[in-house]
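Dumped work30.pdb below, it's PDB, C-alpha atoms and all ligand atoms:
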```pdb
MODEL        1
ATOM      1  CA  MET E   1      24.885  75.476  74.019
ATOM      2  CA  PHE E   2      24.462  78.724  75.934
ATOM      3  CA  LEU E   3      24.287  82.459  75.312
ATOM      4  CA  VAL E   4      26.631  85.169  76.563
ATOM      5  CA  ASP E   5      25.401  88.681  77.380
ATOM      6  CA  THR E   6      28.610  90.543  76.534
ATOM      7  CA  HIS E   7      27.430  93.881  77.934
ATOM      8  CA  CYS E   8      25.071  94.275  80.883
ATOM      9  CA  HIS E   9      25.166  96.904  83.645
ATOM     10  CA  LEU E  10      23.953  94.509  86.309
ATOM     11  CA  ASP E  11      25.357  96.747  89.048
ATOM     12  CA  ASP E  12      22.754  99.423  88.196
ATOM     13  CA  TYR E  13      20.628 100.348  91.214
ATOM     14  CA  ARG E  14      17.474  99.478  89.279
ATOM     15  CA  PHE E  15      18.486  95.817  89.624
ATOM     16  CA  ASP E  16      19.020  96.039  93.389
ATOM     17  CA  LYS E  17      15.652  94.597  94.355
ATOM     18  CA  TYR E  18      15.585  91.450  92.186
ATOM     19  CA  ARG E  19      19.203  91.062  91.020
ATOM     20  CA  SER E  20      19.778  87.458  92.159
ATOM     21  CA  LEU E  21      16.392  86.328  90.827
ATOM     22  CA  ILE E  22      17.078  87.975  87.466
ATOM     23  CA  ILE E  23      20.499  86.310  87.199
ATOM     24  CA  GLN E  24      18.891  82.968  88.047
ATOM     25  CA  GLU E  25      16.133  83.397  85.483
ATOM     26  CA  ALA E  26      18.613  84.465  82.787
ATOM     27  CA  CYS E  27      20.597  81.309  83.540
ATOM     28  CA  ASN E  28      17.425  79.216  83.242
ATOM     29  CA  LYS E  29      16.827  80.792  79.831
ATOM     30  CA  GLY E  30      20.302  79.742  78.651
ATOM     31  CA  ILE E  31      22.161  83.012  79.304
ATOM     32  CA  LYS E  32      24.907  81.360  81.319
ATOM     33  CA  LYS E  33      27.610  84.028  81.146
ATOM     34  CA  ILE E  34      27.436  87.791  81.536
ATOM     35  CA  ILE E  35      30.073  90.511  81.271
ATOM     36  CA  ILE E  36      29.503  93.510  83.541
ATOM     37  CA  PRO E  37      31.480  96.543  82.366
ATOM     38  CA  SER E  38      32.289  99.296  84.819
ATOM     39  CA  ILE E  39      31.993 102.949  83.868
ATOM     40  CA  SER E  40      33.851 104.888  86.564
ATOM     41  CA  VAL E  41      36.089 104.399  89.590
ATOM     42  CA  ASN E  42      32.927 104.783  91.685
ATOM     43  CA  ASN E  43      31.494 101.456  90.553
ATOM     44  CA  PHE E  44      34.663  99.299  90.418
ATOM     45  CA  GLU E  45      33.927  97.876  93.860
ATOM     46  CA  LYS E  46      30.268  97.030  93.208
ATOM     47  CA  VAL E  47      30.954  95.610  89.737
ATOM     48  CA  SER E  48      33.872  93.420  90.794
ATOM     49  CA  ASN E  49      32.176  92.109  93.940
ATOM     50  CA  LEU E  50      28.999  91.347  92.029
ATOM     51  CA  ALA E  51      30.846  89.414  89.306
ATOM     52  CA  ILE E  52      32.960  87.492  91.804
ATOM     53  CA  ASN E  53      30.031  86.618  94.087
ATOM     54  CA  GLN E  54      27.669  85.597  91.267
ATOM     55  CA  GLY E  55      30.181  83.751  89.078
ATOM     56  CA  LEU E  56      29.948  86.390  86.321
ATOM     57  CA  PHE E  57      32.644  88.421  84.531
ATOM     58  CA  TYR E  58      33.712  92.060  84.742
ATOM     59  CA  THR E  59      35.847  94.689  83.090
ATOM     60  CA  LEU E  60      37.326  97.876  84.511
ATOM     61  CA  GLY E  61      37.402 101.222  82.784
ATOM     62  CA  ILE E  62      36.364 104.862  82.712
ATOM     63  CA  HIS E  63      33.490 105.596  80.282
ATOM     64  CA  PRO E  64      33.945 108.744  78.162
ATOM     65  CA  MET E  65      30.760 110.238  79.639
ATOM     66  CA  SER E  66      31.919 109.527  83.209
ATOM     67  CA  ILE E  67      35.196 111.423  83.047
ATOM     68  CA  ASN E  68      35.631 113.602  86.104
ATOM     69  CA  GLN E  69      37.806 116.465  84.948
ATOM     70  CA  GLY E  70      38.942 117.340  88.468
ATOM     71  CA  SER E  71      40.346 113.909  89.322
ATOM     72  CA  VAL E  72      41.483 112.464  85.999
ATOM     73  CA  ASN E  73      45.043 111.559  87.024
ATOM     74  CA  ASN E  74      44.008 110.070  90.328
ATOM     75  CA  ASP E  75      41.208 108.066  88.650
ATOM     76  CA  LEU E  76      43.664 106.609  86.139
ATOM     77  CA  LEU E  77      45.938 105.593  89.010
ATOM     78  CA  VAL E  78      43.012 103.952  90.819
ATOM     79  CA  LEU E  79      42.171 102.097  87.594
ATOM     80  CA  TYR E  80      45.755 100.953  87.135
ATOM     81  CA  ASN E  81      45.996  99.579  90.659
ATOM     82  CA  TYR E  82      42.581  97.905  90.453
ATOM     83  CA  VAL E  83      43.514  96.251  87.153
ATOM     84  CA  LYS E  84      46.811  95.017  88.566
ATOM     85  CA  LYS E  85      45.091  93.510  91.600
ATOM     86  CA  SER E  86      42.235  92.001  89.548
ATOM     87  CA  LYS E  87      44.572  90.489  86.979
ATOM     88  CA  ASN E  88      46.545  88.787  89.740
ATOM     89  CA  PHE E  89      43.680  87.519  91.863
ATOM     90  CA  HIS E  90      40.416  87.252  89.935
ATOM     91  CA  ALA E  91      39.715  84.936  87.006
ATOM     92  CA  ASN E  92      36.401  86.816  86.599
ATOM     93  CA  PHE E  93      38.273  89.904  85.425
ATOM     94  CA  VAL E  94      38.398  89.861  81.627
ATOM     95  CA  GLY E  95      39.321  93.244  80.159
ATOM     96  CA  ILE E  96      39.408  97.032  80.062
ATOM     97  CA  GLY E  97      36.056  98.756  79.518
ATOM     98  CA  GLU E  98      33.933 100.327  78.829
ATOM     99  CA  ILE E  99      36.191 102.981  77.382
ATOM    100  CA  GLY E 100      35.992 105.051  74.245
ATOM    101  CA  LEU E 101      34.952 108.284  72.602
ATOM    102  CA  ASP E 102      31.484 109.826  72.599
ATOM    103  CA  PHE E 103      31.046 112.861  70.367
ATOM    104  CA  TYR E 104      27.248 112.640  70.254
ATOM    105  CA  ASP E 105      26.705 115.967  72.011
ATOM    106  CA  PRO E 106      28.444 118.844  70.282
ATOM    107  CA  MET E 107      31.530 119.647  72.347
ATOM    108  CA  ASN E 108      34.540 121.893  72.306
ATOM    109  CA  ASP E 109      38.071 120.853  71.394
ATOM    110  CA  ASP E 110      39.134 120.694  75.049
ATOM    111  CA  CYS E 111      36.499 118.043  75.813
ATOM    112  CA  ILE E 112      37.455 116.047  72.743
ATOM    113  CA  ASP E 113      41.142 116.218  73.668
ATOM    114  CA  LEU E 114      40.416 115.122  77.228
ATOM    115  CA  GLN E 115      38.375 112.129  76.027
ATOM    116  CA  LYS E 116      41.156 111.135  73.646
ATOM    117  CA  LYS E 117      43.789 111.446  76.372
ATOM    118  CA  ILE E 118      41.857 109.236  78.834
ATOM    119  CA  PHE E 119      41.080 106.735  76.080
ATOM    120  CA  ILE E 120      44.739 106.451  75.072
ATOM    121  CA  GLU E 121      45.901 106.149  78.685
ATOM    122  CA  GLN E 122      43.481 103.257  79.179
ATOM    123  CA  LEU E 123      44.670 101.578  75.978
ATOM    124  CA  HIS E 124      48.177 101.736  77.486
ATOM    125  CA  ILE E 125      46.918  99.804  80.512
ATOM    126  CA  ALA E 126      45.230  97.219  78.250
ATOM    127  CA  GLU E 127      48.522  96.790  76.395
ATOM    128  CA  GLU E 128      50.616  96.499  79.527
ATOM    129  CA  PHE E 129      48.392  93.725  80.915
ATOM    130  CA  SER E 130      47.559  92.128  77.507
ATOM    131  CA  LEU E 131      43.825  92.629  77.954
ATOM    132  CA  PRO E 132      40.991  92.925  75.413
ATOM    133  CA  VAL E 133      39.049  96.210  75.417
ATOM    134  CA  ILE E 134      35.321  96.942  75.378
ATOM    135  CA  LEU E 135      34.728 100.056  73.327
ATOM    136  CA  HIS E 136      31.964 102.651  73.423
ATOM    137  CA  ALA E 137      31.834 104.763  70.246
ATOM    138  CA  ARG E 138      29.303 107.376  69.180
ATOM    139  CA  LYS E 139      30.019 109.641  66.212
ATOM    140  CA  SER E 140      33.701 108.889  66.767
ATOM    141  CA  HIS E 141      34.454 105.697  64.841
ATOM    142  CA  ASP E 142      37.017 107.145  62.433
ATOM    143  CA  VAL E 143      38.942 108.988  65.166
ATOM    144  CA  MET E 144      38.884 105.805  67.230
ATOM    145  CA  LEU E 145      40.109 103.668  64.350
ATOM    146  CA  LYS E 146      42.984 106.065  63.768
ATOM    147  CA  ILE E 147      44.049 105.796  67.422
ATOM    148  CA  LEU E 148      43.691 101.989  67.442
ATOM    149  CA  ARG E 149      45.740 101.614  64.270
ATOM    150  CA  SER E 150      48.596 103.481  65.929
ATOM    151  CA  ARG E 151      48.632 101.026  68.853
ATOM    152  CA  LYS E 152      50.158  97.839  67.590
ATOM    153  CA  LYS E 153      49.859  95.918  70.841
ATOM    154  CA  ILE E 154      46.084  96.160  71.261
ATOM    155  CA  SER E 155      44.839  92.660  70.573
ATOM    156  CA  GLY E 156      41.165  93.406  69.932
ATOM    157  CA  GLY E 157      37.969  93.239  71.919
ATOM    158  CA  ILE E 158      34.379  94.317  71.337
ATOM    159  CA  VAL E 159      32.853  97.475  69.881
ATOM    160  CA  HIS E 160      29.717  97.430  71.977
ATOM    161  CA  ALA E 161      26.349  98.426  70.445
ATOM    162  CA  PHE E 162      28.038  99.017  67.112
ATOM    163  CA  ASN E 163      26.329 101.853  65.232
ATOM    164  CA  GLY E 164      28.914 102.853  62.633
ATOM    165  CA  SER E 165      28.952 102.156  58.902
ATOM    166  CA  TYR E 166      29.608  98.809  57.223
ATOM    167  CA  GLN E 167      32.997 100.108  56.035
ATOM    168  CA  GLN E 168      33.934 101.089  59.587
ATOM    169  CA  ALA E 169      32.806  97.637  60.783
ATOM    170  CA  LEU E 170      35.243  96.021  58.362
ATOM    171  CA  CYS E 171      38.066  98.212  59.701
ATOM    172  CA  PHE E 172      37.345  97.209  63.317
ATOM    173  CA  ILE E 173      37.162  93.536  62.295
ATOM    174  CA  LYS E 174      40.557  93.866  60.623
ATOM    175  CA  LEU E 175      41.959  95.123  63.935
ATOM    176  CA  GLY E 176      40.614  92.052  65.759
ATOM    177  CA  PHE E 177      37.332  93.432  67.093
ATOM    178  CA  LEU E 178      33.920  91.823  67.369
ATOM    179  CA  LEU E 179      30.814  93.966  66.959
ATOM    180  CA  GLY E 180      28.087  94.031  69.609
ATOM    181  CA  ILE E 181      24.477  93.484  68.500
ATOM    182  CA  GLY E 182      21.738  94.464  70.933
ATOM    183  CA  SER E 183      18.212  95.751  71.348
ATOM    184  CA  SER E 184      18.507  98.337  68.558
ATOM    185  CA  ILE E 185      18.026  95.620  65.936
ATOM    186  CA  THR E 186      14.522  95.017  67.315
ATOM    187  CA  TYR E 187      13.322  98.383  65.980
ATOM    188  CA  LYS E 188      12.260  98.404  62.336
ATOM    189  CA  LYS E 189      13.267 102.086  62.125
ATOM    190  CA  SER E 190      16.912 101.245  62.982
ATOM    191  CA  SER E 191      17.479 100.410  59.338
ATOM    192  CA  LYS E 192      21.257 101.049  59.297
ATOM    193  CA  ILE E 193      21.885  98.836  62.330
ATOM    194  CA  ARG E 194      19.601  96.102  60.955
ATOM    195  CA  LYS E 195      21.372  96.270  57.580
ATOM    196  CA  ASN E 196      24.747  95.938  59.354
ATOM    197  CA  ALA E 197      23.410  92.946  61.279
ATOM    198  CA  LEU E 198      22.488  91.367  57.945
ATOM    199  CA  ASP E 199      25.720  92.238  56.121
ATOM    200  CA  ILE E 200      28.332  91.573  58.815
ATOM    201  CA  SER E 201      29.257  87.907  59.009
ATOM    202  CA  LEU E 202      28.158  85.933  62.086
ATOM    203  CA  GLU E 203      31.822  85.173  62.793
ATOM    204  CA  ASN E 204      32.272  88.813  63.801
ATOM    205  CA  LEU E 205      29.217  89.404  65.990
ATOM    206  CA  VAL E 206      28.426  89.044  69.677
ATOM    207  CA  LEU E 207      25.141  89.582  71.525
ATOM    208  CA  GLU E 208      24.445  92.069  74.311
ATOM    209  CA  THR E 209      21.482  93.623  76.117
ATOM    210  CA  ASP E 210      23.239  96.748  77.506
ATOM    211  CA  SER E 211      20.453  96.496  80.091
ATOM    212  CA  PRO E 212      18.947  98.304  81.841
ATOM    213  CA  TYR E 213      19.825 101.146  79.440
ATOM    214  CA  MET E 214      18.879  99.798  76.018
ATOM    215  CA  GLU E 215      15.338  98.573  75.588
ATOM    216  CA  PRO E 216      13.928  96.209  72.970
ATOM    217  CA  PHE E 217      10.608  97.112  71.349
ATOM    218  CA  TRP E 218       8.715  94.576  73.484
ATOM    219  CA  LYS E 219       9.460  96.586  76.615
ATOM    220  CA  SER E 220       5.866  96.459  77.863
ATOM    221  CA  SER E 221       6.142  92.704  78.365
ATOM    222  CA  TYR E 222       9.237  92.516  80.572
ATOM    223  CA  ASP E 223       9.068  89.985  83.357
ATOM    224  CA  TRP E 224      10.808  92.313  85.771
ATOM    225  CA  GLY E 225       9.512  95.695  84.629
ATOM    226  CA  ILE E 226      13.011  96.512  83.412
ATOM    227  CA  SER E 227      15.287  95.505  80.536
ATOM    228  CA  SER E 228      17.518  92.677  81.757
ATOM    229  CA  PRO E 229      19.782  89.889  80.487
ATOM    230  CA  CYS E 230      16.649  87.699  80.335
ATOM    231  CA  GLU E 231      15.778  89.461  77.035
ATOM    232  CA  LEU E 232      18.915  88.179  75.256
ATOM    233  CA  PHE E 233      17.367  85.034  73.794
ATOM    234  CA  LYS E 234      14.685  87.108  72.038
ATOM    235  CA  ILE E 235      17.410  89.380  70.624
ATOM    236  CA  ALA E 236      19.133  86.240  69.269
ATOM    237  CA  ILE E 237      15.839  85.243  67.610
ATOM    238  CA  GLU E 238      15.528  88.711  66.070
ATOM    239  CA  LEU E 239      19.073  88.424  64.656
ATOM    240  CA  SER E 240      18.281  84.983  63.236
ATOM    241  CA  ASN E 241      15.189  86.473  61.530
ATOM    242  CA  ILE E 242      17.266  89.277  59.985
ATOM    243  CA  LYS E 243      19.947  86.834  58.818
ATOM    244  CA  ASN E 244      17.432  84.193  57.786
ATOM    245  CA  CYS E 245      19.300  81.492  59.669
ATOM    246  CA  SER E 246      18.476  79.355  62.697
ATOM    247  CA  VAL E 247      18.657  80.779  66.211
ATOM    248  CA  ASP E 248      20.942  77.840  67.068
ATOM    249  CA  GLN E 249      23.407  79.108  64.498
ATOM    250  CA  VAL E 250      23.293  82.633  65.983
ATOM    251  CA  ILE E 251      23.920  81.254  69.472
ATOM    252  CA  ARG E 252      26.702  78.907  68.406
ATOM    253  CA  TYR E 253      28.639  81.567  66.478
ATOM    254  CA  THR E 254      28.236  84.446  68.922
ATOM    255  CA  THR E 255      29.232  82.274  71.901
ATOM    256  CA  GLU E 256      32.232  80.808  70.059
ATOM    257  CA  ASN E 257      33.290  84.322  69.061
ATOM    258  CA  ILE E 258      33.382  85.700  72.589
ATOM    259  CA  LEU E 259      35.145  82.604  73.927
ATOM    260  CA  ARG E 260      37.724  82.987  71.140
ATOM    261  CA  ILE E 261      38.731  86.472  72.251
ATOM    262  CA  ILE E 262      38.271  85.834  76.001
ATOM    263  CA  PRO E 263      39.165  82.139  76.421
ATOM    264  CA  GLN E 264      39.087  82.321  80.219
ATOM    265  CA  MET E 265      35.289  82.738  79.994
ATOM    266  CA  ALA E 266      35.026  79.107  78.880
ATOM    267  CA  PHE E 267      35.651  77.979  82.454
TER     268      PHE E 267
HETATM  269 ZN    ZN E 301      27.430 100.195  78.503
ENDMDL
END
```

Represent the supplied structure as structure tokens.
Amino acid sequence: MFLVDTHCHLDDYRFDKYRSLIIQEACNKGIKKIIIPSISVNNFEKVSNLAINQGLFYTLGIHPMSINQGSVNNDLLVLYNYVKKSKNFHANFVGIGEIGLDFYDPMNDDCIDLQKKIFIEQLHIAEEFSLPVILHARKSHDVMLKILRSRKKISGGIVHAFNGSYQQALCFIKLGFLLGIGSSITYKKSSKIRKNALDISLENLVLETDSPYMEPFWKSSYDWGISSPCELFKIAIELSNIKNCSVDQVIRYTTENILRIIPQMAF
């Protein structure tokens, strides 16, 4: 039995110094598989090389907060070509992401329209290559659901760091999505996210650290002075405490879930 960190930005420069040691230690702690999502055309190279060299997995996509207005069309073309090449040559390539909609900061209609356009264009690519998608959603779940419902060929994926309502969770599940559970559940004040973690069935959850960005409450006791995939086992324990089940059960379900939607990760 092993754990899968379904969302970790291992390419981040803060990992540069100890990256290989951290990957090794995570593996020793049972975190055998890691998905590294890219966020812009600028990190496709680093993300894909890292995954290929370390036996990890990667996705390609343009994050809604990394959209470069001046080069949108060219960036989408770069993405398309990179996806085509990766799909043909690299078994480590497993999907489109992270992509999505982020309406956290108040923004004008032009920004919203641009985010929607890039999101939809990337869903097209996922459809063309029959790939799962890794979604980033903040204050945008209903708009996102509406777009996803209109795209019949999207075959699901993961809503990473899910922070919507229970009703919205059920809608994503109906569309074939798993919901990402991460460090936020370790904070007692995150009552909505903890309640979701309790209410949503284990068959629909996956684990993630979103490191080095998201930090669990025990951040003072990191081994590496930074949030890393090594923290995933403790997040699994926290979820088992919330759900009042065994940590083995959490690991078994969440790993089976990710392997169900991305079967090539079993190898
Ligand atoms: Zn992320």

query = How would you write, as a list in words, the set of residues no farther than 7 Å from ligand ZN 301 (chain E) when counting only C-alpha atoms and all ligand atoms?
reply =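 What falls inside 7 Å of ligand ZN 301 (chain E) is His7, Cys8, His9, Pro37, Glu98 and Asp210 of chain E.
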
- Item | Residue members of the PyMOL selection byres (((chain E and resi 152-155) around 8) and not hetatm) in the file shown, as an MDAnalysis selection string | chainID E and resid 123 126:127 130:132 148:151 156:157 175:176

Next item on the list: Report the residues retrieved by the PyMOL selection byres (((chain E and resi 197-206) around 10) and not hetatm) from the displayed file, expressed as a VMD selection string.
Entry: chain E and resid 3 to 7 158 to 162 166 169 to 170 172 to 173 176 to 182 185 191 to 196 207 to 208 236 239 to 244 249 to 258

Taking C-alpha atoms for each residue, export the selection above as a short mmCIF file (atom, residue, chain, number, x, y, z; two decimals), in the frame of the given file.
```cif
data_model
loop_
_atom_site.label_atom_id
_atom_site.label_comp_id
_atom_site.auth_asym_id
_atom_site.auth_seq_id
_atom_site.Cartn_x
_atom_site.Cartn_y
_atom_site.Cartn_z
CA LEU E 3 24.29 82.46 75.31
CA VAL E 4 26.63 85.17 76.56
CA ASP E 5 25.40 88.68 77.38
CA THR E 6 28.61 90.54 76.53
CA HIS E 7 27.43 93.88 77.93
CA ILE E 158 34.38 94.32 71.34
CA VAL E 159 32.85 97.48 69.88
CA HIS E 160 29.72 97.43 71.98
CA ALA E 161 26.35 98.43 70.44
CA PHE E 162 28.04 99.02 67.11
CA TYR E 166 29.61 98.81 57.22
CA ALA E 169 32.81 97.64 60.78
CA LEU E 170 35.24 96.02 58.36
CA PHE E 172 37.34 97.21 63.32
CA ILE E 173 37.16 93.54 62.30
CA GLY E 176 40.61 92.05 65.76
CA PHE E 177 37.33 93.43 67.09
CA LEU E 178 33.92 91.82 67.37
CA LEU E 179 30.81 93.97 66.96
CA GLY E 180 28.09 94.03 69.61
CA ILE E 181 24.48 93.48 68.50
CA GLY E 182 21.74 94.46 70.93
CA ILE E 185 18.03 95.62 65.94
CA SER E 191 17.48 100.41 59.34
CA LYS E 192 21.26 101.05 59.30
CA ILE E 193 21.88 98.84 62.33
CA ARG E 194 19.60 96.10 60.96
CA LYS E 195 21.37 96.27 57.58
CA ASN E 196 24.75 95.94 59.35
CA LEU E 207 25.14 89.58 71.53
CA GLU E 208 24.44 92.07 74.31
CA ALA E 236 19.13 86.24 69.27
CA LEU E 239 19.07 88.42 64.66
CA SER E 240 18.28 84.98 63.24
CA ASN E 241 15.19 86.47 61.53
CA ILE E 242 17.27 89.28 59.98
CA LYS E 243 19.95 86.83 58.82
CA ASN E 244 17.43 84.19 57.79
CA GLN E 249 23.41 79.11 64.50
CA VAL E 250 23.29 82.63 65.98
CA ILE E 251 23.92 81.25 69.47
CA ARG E 252 26.70 78.91 68.41
CA TYR E 253 28.64 81.57 66.48
CA THR E 254 28.24 84.45 68.92
CA THR E 255 29.23 82.27 71.90
CA GLU E 256 32.23 80.81 70.06
CA ASN E 257 33.29 84.32 69.06
CA ILE E 258 33.38 85.70 72.59
#
```

List as a PDB file with C-alpha atoms, in the coordinates of the input the protein and nucleic acid residues near Ile118 of chain E, meaning an atom at most 9 Å away when all atoms listed in the file are counted, but skip any in the same chain fewer than 4 places from it.
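Just written: result13.pdb:
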```pdb
ATOM      1  CA  ILE E  62      36.364 104.862  82.712  1.00  0.00           C
ATOM      2  CA  PRO E  64      33.945 108.744  78.162  1.00  0.00           C
ATOM      3  CA  ILE E  67      35.196 111.423  83.047  1.00  0.00           C
ATOM      4  CA  VAL E  72      41.483 112.464  85.999  1.00  0.00           C
ATOM      5  CA  LEU E  76      43.664 106.609  86.139  1.00  0.00           C
ATOM      6  CA  ILE E  99      36.191 102.981  77.382  1.00  0.00           C
ATOM      7  CA  GLY E 100      35.992 105.051  74.245  1.00  0.00           C
ATOM      8  CA  ASP E 113      41.142 116.218  73.668  1.00  0.00           C
ATOM      9  CA  LEU E 114      40.416 115.122  77.228  1.00  0.00           C
ATOM     10  CA  GLN E 122      43.481 103.257  79.179  1.00  0.00           C
ATOM     11  CA  LEU E 123      44.670 101.578  75.978  1.00  0.00           C
TER      12      LEU E 123
END
```

Problem - Distance of atom CA of Asn42 of chain E from atom CA of Ile23 of chain E, expressed in Å to one decimal place - result: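 Atom CA of Asn42 of chain E lies at a distance of 22.7 Å from atom CA of Ile23 of chain E.
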
Checklist entry - Hey, which of E:Leu77, E:Leu50, E:Met65, E:Val83 ends up closest to Asp105 of chain E? Count all atoms listed in the file. => result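 The shortest atom-to-atom distance to Asp105 of chain E comes from E:Met65.
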
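The space separating atom CA of His63 of chain E from atom CA of Gln115 of chain E comes to 9.2 Å.
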
As AutoDock Vina command-line options, what would the box around segment 24-37 of chain E look like: edges along x, y and z, 3 Å added on every side, centre and edge lengths in Å to one decimal?
```
--center_x 23.8 --center_y 87.9 --center_z 83.3 --size_x 21.3 --size_y 23.3 --size_z 15.4
```

Residues within 12 Å of (21.0, 102.7, 81.4), file coords, all atoms listed in the file, listed as a list in words
His7, Cys8, His9, Leu10, Asp11, Asp12, Tyr13, Arg14, Phe15, Ile39, Thr209, Asp210, Ser211, Pro212, Tyr213, Met214, Glu215, Ile226, Ser227 and Ser228 of chain E

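Note that atom CA of Pro263 of chain E and atom CA of Ser40 of chain E are 25.5 Å apart.
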
Closest of E:Lys174, E:Lys234, E:His141, E:Lys188 to Asp102 of chain E, counting only C-alpha atoms, is E:His141

### Task
Rank nothing, just name the residue among E:Lys85, E:Lys116, E:Arg19, E:Lys32 nearest to Phe267 of chain E, using only C-alpha atoms.
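Smallest distance to Phe267 of chain E is found for E:Lys32.
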
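The shortest atom-to-atom distance to Ser66 of chain E, with all atoms listed in the file taken into account, belongs to E:Ser38 out of E:Asn49, E:Cys230, E:Ser38, E:Tyr82.
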
Shortest contact to Phe233 of chain E, candidates E:Ser183, E:Gln54, E:Asn43, E:Ser48, atoms counted only C-alpha atoms, goes to E:Ser183

One residue among E:Phe93, E:Tyr58, E:Phe119, E:Phe217 is nearest to Glu238 of chain E when using all atoms listed in the file, and that residue is E:Phe217
